[in-house]
Amino acid sequence: MSPAPTPLLDRRLVIVTGKGGTGKTSVAAALGLAAARSGRRVLVAEVGRDEHVPRLLAPGSAPVGYAGRELAPGLTVLRIDPFEALGEYLGLQLGVRPVVDLVLRNRAFRQLMEASPGWRELITLGKVWHLEQMQLPDGSPRFDLILVDAPATGHGLTFLDVPRVVGAAVRAGPLRKHAGLVEAMIEDRERTLLLPVALAEELPARETAELALRVRRDVGIAVDRVVVNAVAGAPFPPGLDDLDRLLAKLPEATALEGLPSAKTLASCAAHLRSRFELNRYWAAEIGRMTELPIVELPHLARGIRGPLDLERLVPALVGAPRANAA
Amino acid sequence: MKDVRDPGALVRARRIVVCVGAGGVGKTTLAAAIALGAAREGHRVLVLTIDPARRLADALGVGALGNEPRAIDRDVLGRLGVPEHAALSALMLDMKRTFDDLVERFAESEEARERILGNRIYQHVSDALAGSAEYSAMEKVFEIASSGEFDRIVVDTPPSQHALDFLEAPQRLLEFLDSALVKLLLHPAFAAGRFGFRIFQRSARRVLQVIEKVSGMAFLEDVSEFLLAFEGMSEGFRERARKVEALLTGPQTGFVLAAGPAAESVAHAESMLGRLEASGVPLAGIVLNRARLWPERGSPPAEIPEPGMLDRATESLARALEALDERPADARAAASAAIAAASEYARLVRRDEESTRSLRERADRLACFYCRVPELPRDVHELDGLARISAALFGGRSAAR
């Protein structure tokens with residue numbers, strides 16, 4: 001384990017991964033906000049059918065689409081659609097956009113592409129590579145930091161593993177060369193980081209552990225921390241840690257004014273405590289199983305609805321991760 | 001499905017139960033719990049999972065599972081109330097292996113088989129080709145259903161991005177093999193590297209030219225060779241795919257949709273319900289997993305304490321706490337905290353009820369059952385916890401509406 005991980009925002013490319021519902025989109029958006037405010041030129045790239053980031057950063061704004069738009073000073077958001085990326089790629093390769101458009105509209109071609117595995121991931125990462133290469137007239141990078149909100153598929157890793165697989169399956173030609181460039185970008189341990197986001201529950205904990213294991217074994221991408229999102233706060237005020245057990249001692253017939261029965265009160269308190277303890281347990285387990293430092297984000301009772309909510313995630317996110325006390 | 005009022009009726013009336021749902025809702029655990037319930041009713045049951053995270057093996061406490069059914073220890077089953085003549089096995093699908101088996105079965109000749117299995121494209125894409133993961137799962141279900149070794153099969157479906165992909169997988173695979181481009185690639189001259197663009201379909205030719213420019217000729221040759229070898233087996237394969245589809249949509253099968261109470265999980269479940277209905281799949285019921293239930297009958301009160309009663313409620317609870325042997329240092333503070341906790345938990349229960357109302361109503365309209373499985377104090381990862389979920393599904397209060 002490297003003692004001092006590179007600060008998150010000093011990377012060039014951060015790929016945020018996690019199952020649906022873990023809040024990885026919020027994490028990507030909050031990081032984007034923080035980085036832009038620090039004066040960096042930031043891009044948040046969404047992958048998938050729907051746009052979620054614009055809603056968080058600028059509620060009520062119009063879709064940003066493939067071309068993308070600046071939603072806050074220095075903060076651009078776009079959504080990578082595989083077919084659009086394919087069109088752009090083929091256009092660049094062949095130099096004749098009308099032919100490319102004909103091909104893309106061809107029914108048989110679409111059928112073939114719908115059925116073919118892997119190319120979506122490859123072309124999406126290819127687009128990320130292309131964005132990463134973009135420069136301003138003065139030669140400085142167009143984007144200092146690119147945050148990718150990776151698709152919430154069964155294994156976030158399949159996404160990253162495709163360039164390697166293509167490199168192995170395709171013997172020669174431009175495709176192979178480009179797959180190699182993408183692979184090199186992913187495996188650049190200085191510039192690129194995979195940022196897993198998990199919840200402190202059994203399922204995501206185990207999946208994150210498996211992810212960490214496979215990253216070490218199969219993919220050369222750097223991972224230096226795990227974000228554990230929505231960690232519940234203590235259920236009772238200080239000094240009352242045993243509140244539910246205390247309530248359980250009340251006789252069943254206790255007369256209470258304007259309240260449910262003593263038994264119900266005890267049960268409610270027990271539920272809250274159990275939720276909290278489970279949360280604590282699995283947060284620690286994630287650190288132990290992945291052997292990675294963890295970054296805990298607070299649970300926000302109102303949910304995350306806009307930039308103000310995102311702001312509350314920023315301090316913990318950009319701070320140093322907590323080394324796990326194994 | 002009017003004859004199926006609850007999970008118990010489901011496993012009595014249907015041979016195959018397919019659990020669908022988004023990733024993360026506890027589908028694997030529910031599948032295992034349904035299988036356990038069926039075994040308790042005296043059936044010989046297999047639960048099949050496609051989960052790459054191998055959670056079922058953990059839940060069943062049997063370590064890693066193989067591509068063959070593995071029986072769960074008789075002593076353990078006995079403890080769980082599974083009768084002597086019943087059995088419960090688990091199978092964790094090895095997708096690559098299943099697909100290889102398929103190739104072995106349907107390849108025209110020894111040589112064709114070797115050609116497919118040795119093809120570089122096949123080696124890299126058989127895991128992912130045209131939903132082959134999903135297809136493999138259904139193929140395995142068919143194989144086991146035909147073997148007669150088990151009288152009930154519970155299937156946990158793959159956590160694909162669009163969780164119903166597996167239903168369409170056979171069809172898509174066939175469409176793929178039938179598509180004009182693939183037909184073109186199947187031209188023997190092509191595989192032999194003598195592809196001279198002497199092809200009549202101009203649009204397909206143009207497409208191939210584009211692919212060739214980008215990927216290189218060698219890649220197209222490999223693809224062509226792969227498809228060529230594959231084509232020989234496509235008739236047997238086609239027949240098989242039809243049978244698999246018939247089995248899944250037939251009267252022996254019932255689908256259970258698993259959902260969680262979080263708003264996004266409910267939204268996901270709803271869109272899946274729409275797709276299930278559209279594809280004519282027999283939906284038996286909806287299970288809401290990890291639901292927060294109010295400890296008393298019915299819904300929680302709108303406010304805790306009752307409006308305008310905060311002082312008196314706190315006072316009376318503080319007095320009751322004072323009377324305990326182990327009285328708290330500050331009874332009033334404890335009373336306030338207890339009231340706040342009850343109020344918070346009631347809010348969570350109401351929020352779950354609110355977020356899942358549409359699902360409940362939908363279940364009513366579709367005449368399928370709706371079960372809530374309570375959130376357990378400890379996440380289930382052993383058979384005992386599984387038994388509790390099974391009990392919630394097959395009897396007791398949480399099975400009631």
# chains A, B, ... in the order shown; residues from 1 in each chain; ligands from 1
call {"tool": "residues_around", "arguments": {"residues": "Val45 in chain B", "least_positions_apart": "3", "cutoff": "6 Å", "atoms": "only C-alpha atoms", "output": "number ranges by chain"}}
result
B: 39, 87-88, 150, 152-153
call {"tool": "residues_around", "arguments": {"residues": "range 242-250 of chain A", "least_positions_apart": "6", "cutoff": "12 Å", "atoms": "only C-alpha atoms", "output": "MDAnalysis selection string"}}
result
(chainID A and resid 234:236 256 261:274) or (chainID B and resid 317:331 333:342)
call {"tool": "select_by_dssp", "arguments": {"residues": "range 4-202 of chain A", "states": "strand (DSSP E)", "output": "PyMOL selection string"}}
result
chain A and resi 13-17+42-47+69-72+75-80+145-149+192-199
call {"tool": "residues_around", "arguments": {"residues": "Arg225 in chain A", "least_positions_apart": "5", "cutoff": "7 Å", "atoms": "only C-alpha atoms", "output": "PyMOL selection string"}}
result
chain A and resi 195+292-294+321
call {"tool": "atom_distance", "arguments": {"atom1": "CA of Gln135 in chain A", "atom2": "CA of Leu13 in chain A"}}
result
15.1 Å
call {"tool": "residues_around", "arguments": {"residues": "Gly32 in chain A", "least_positions_apart": "2", "cutoff": "9 Å", "atoms": "only C-alpha atoms", "output": "CSV table (one decimal) with all heavy atoms, in the first residue's frame"}}
result
chain,number,residue,atom,x,y,z
A,9,LEU,N,-8.0,15.1,-6.9
A,9,LEU,CA,-8.2,16.1,-7.9
A,9,LEU,C,-6.9,16.3,-8.7
A,9,LEU,O,-7.0,17.0,-9.7
A,9,LEU,CB,-8.7,17.4,-7.3
A,9,LEU,CG,-10.0,17.2,-6.5
A,9,LEU,CD1,-10.4,18.6,-5.9
A,9,LEU,CD2,-11.1,16.6,-7.3
A,27,VAL,N,-21.3,11.2,-6.4
A,27,VAL,CA,-19.9,11.3,-6.1
A,27,VAL,C,-19.1,12.0,-7.2
A,27,VAL,O,-18.3,12.9,-7.1
A,27,VAL,CB,-19.2,10.0,-5.7
A,27,VAL,CG1,-17.7,10.0,-5.7
A,27,VAL,CG2,-19.8,9.5,-4.4
A,28,ALA,N,-19.4,11.5,-8.5
A,28,ALA,CA,-18.8,12.1,-9.7
A,28,ALA,C,-19.1,13.6,-9.8
A,28,ALA,O,-18.3,14.5,-10.0
A,28,ALA,CB,-19.2,11.4,-10.9
A,29,ALA,N,-20.4,13.9,-9.5
A,29,ALA,CA,-20.8,15.3,-9.6
A,29,ALA,C,-20.2,16.2,-8.5
A,29,ALA,O,-19.7,17.3,-8.8
A,29,ALA,CB,-22.4,15.4,-9.5
A,30,ALA,N,-20.1,15.7,-7.3
A,30,ALA,CA,-19.6,16.4,-6.2
A,30,ALA,C,-18.1,16.7,-6.5
A,30,ALA,O,-17.6,17.8,-6.2
A,30,ALA,CB,-19.8,15.7,-4.9
A,34,ALA,N,-16.1,20.3,-6.9
A,34,ALA,CA,-15.0,20.7,-6.1
A,34,ALA,C,-13.8,21.0,-6.9
A,34,ALA,O,-13.1,22.0,-6.7
A,34,ALA,CB,-14.6,19.5,-5.1
A,35,ALA,N,-13.6,20.2,-8.0
A,35,ALA,CA,-12.4,20.5,-8.8
A,35,ALA,C,-12.6,21.8,-9.6
A,35,ALA,O,-11.6,22.5,-9.8
A,35,ALA,CB,-12.3,19.3,-9.8
A,36,ALA,N,-13.8,22.0,-10.1
A,36,ALA,CA,-14.0,23.3,-10.9
A,36,ALA,C,-13.8,24.5,-10.0
A,36,ALA,O,-13.2,25.5,-10.4
A,36,ALA,CB,-15.4,23.3,-11.4
A,37,ARG,N,-14.2,24.4,-8.7
A,37,ARG,CA,-14.1,25.5,-7.8
A,37,ARG,C,-12.6,25.8,-7.5
A,37,ARG,O,-12.2,26.9,-7.2
A,37,ARG,CB,-14.8,25.2,-6.5
A,37,ARG,CG,-15.4,26.5,-5.9
A,37,ARG,CD,-16.2,26.2,-4.8
A,37,ARG,NE,-15.8,25.0,-4.1
A,37,ARG,CZ,-16.6,24.2,-3.4
A,37,ARG,NH1,-17.9,24.6,-3.3
A,37,ARG,NH2,-16.2,23.1,-2.8
A,42,VAL,N,-12.8,21.1,-15.7
A,42,VAL,CA,-13.3,19.7,-15.4
A,42,VAL,C,-14.3,19.3,-16.4
A,42,VAL,O,-15.1,20.1,-16.9
A,42,VAL,CB,-13.9,19.7,-14.0
A,42,VAL,CG1,-14.2,18.3,-13.6
A,42,VAL,CG2,-13.0,20.4,-13.0
A,43,LEU,N,-14.3,18.0,-16.7
A,43,LEU,CA,-15.3,17.4,-17.5
A,43,LEU,C,-15.9,16.2,-16.7
A,43,LEU,O,-15.2,15.4,-16.2
A,43,LEU,CB,-14.7,16.9,-18.8
A,43,LEU,CG,-15.7,16.1,-19.7
A,43,LEU,CD1,-16.7,17.0,-20.3
A,43,LEU,CD2,-15.0,15.2,-20.7
A,44,VAL,N,-17.2,16.2,-16.6
A,44,VAL,CA,-17.9,15.0,-16.1
A,44,VAL,C,-18.6,14.3,-17.3
A,44,VAL,O,-19.4,14.9,-17.9
A,44,VAL,CB,-18.9,15.3,-15.0
A,44,VAL,CG1,-19.6,14.1,-14.5
A,44,VAL,CG2,-18.3,16.1,-13.9
A,75,LEU,N,-16.9,23.8,-15.5
A,75,LEU,CA,-17.4,22.4,-15.3
A,75,LEU,C,-18.3,22.0,-16.5
A,75,LEU,O,-19.4,22.5,-16.6
A,75,LEU,CB,-18.2,22.3,-14.0
A,75,LEU,CG,-18.8,21.0,-13.6
A,75,LEU,CD1,-17.8,19.9,-13.6
A,75,LEU,CD2,-19.5,21.1,-12.2
A,76,THR,N,-17.8,21.2,-17.3
A,76,THR,CA,-18.5,20.7,-18.5
A,76,THR,C,-19.1,19.3,-18.2
A,76,THR,O,-18.4,18.5,-17.6
A,76,THR,CB,-17.6,20.7,-19.7
A,76,THR,OG1,-17.0,22.0,-19.9
A,76,THR,CG2,-18.4,20.4,-21.0
A,145,LEU,N,-9.1,17.7,-15.5
A,145,LEU,CA,-9.6,16.5,-14.9
A,145,LEU,C,-10.8,16.0,-15.6
A,145,LEU,O,-11.7,16.8,-15.9
A,145,LEU,CB,-9.9,16.8,-13.4
A,145,LEU,CG,-10.6,15.7,-12.6
A,145,LEU,CD1,-9.7,14.4,-12.4
A,145,LEU,CD2,-11.0,16.2,-11.2
A,146,ILE,N,-10.8,14.7,-15.9
A,146,ILE,CA,-12.0,14.1,-16.5
A,146,ILE,C,-12.6,13.0,-15.5
A,146,ILE,O,-11.8,12.2,-15.0
A,146,ILE,CB,-11.7,13.4,-17.8
A,146,ILE,CG1,-11.2,14.4,-18.8
A,146,ILE,CG2,-12.9,12.7,-18.4
A,146,ILE,CD1,-10.8,13.9,-20.2
A,147,LEU,N,-13.8,13.2,-15.1
A,147,LEU,CA,-14.5,12.3,-14.2
A,147,LEU,C,-15.5,11.4,-15.1
A,147,LEU,O,-16.4,12.0,-15.7
A,147,LEU,CB,-15.2,13.0,-13.1
A,147,LEU,CG,-14.4,13.8,-12.2
A,147,LEU,CD1,-15.1,15.0,-11.7
A,147,LEU,CD2,-13.9,12.9,-11.0
call {"tool": "closest_residue", "arguments": {"among": "B:Leu30, B:Val18, B:Val47, B:Ala13", "to": "Arg388 in chain B", "atoms": "only C-alpha atoms"}}
result
B:Leu30
call {"tool": "closest_residue", "arguments": {"among": "A:Arg171, A:Arg312, A:Arg55, A:His178", "to": "chain B", "atoms": "only C-alpha atoms"}}
result
A:Arg171
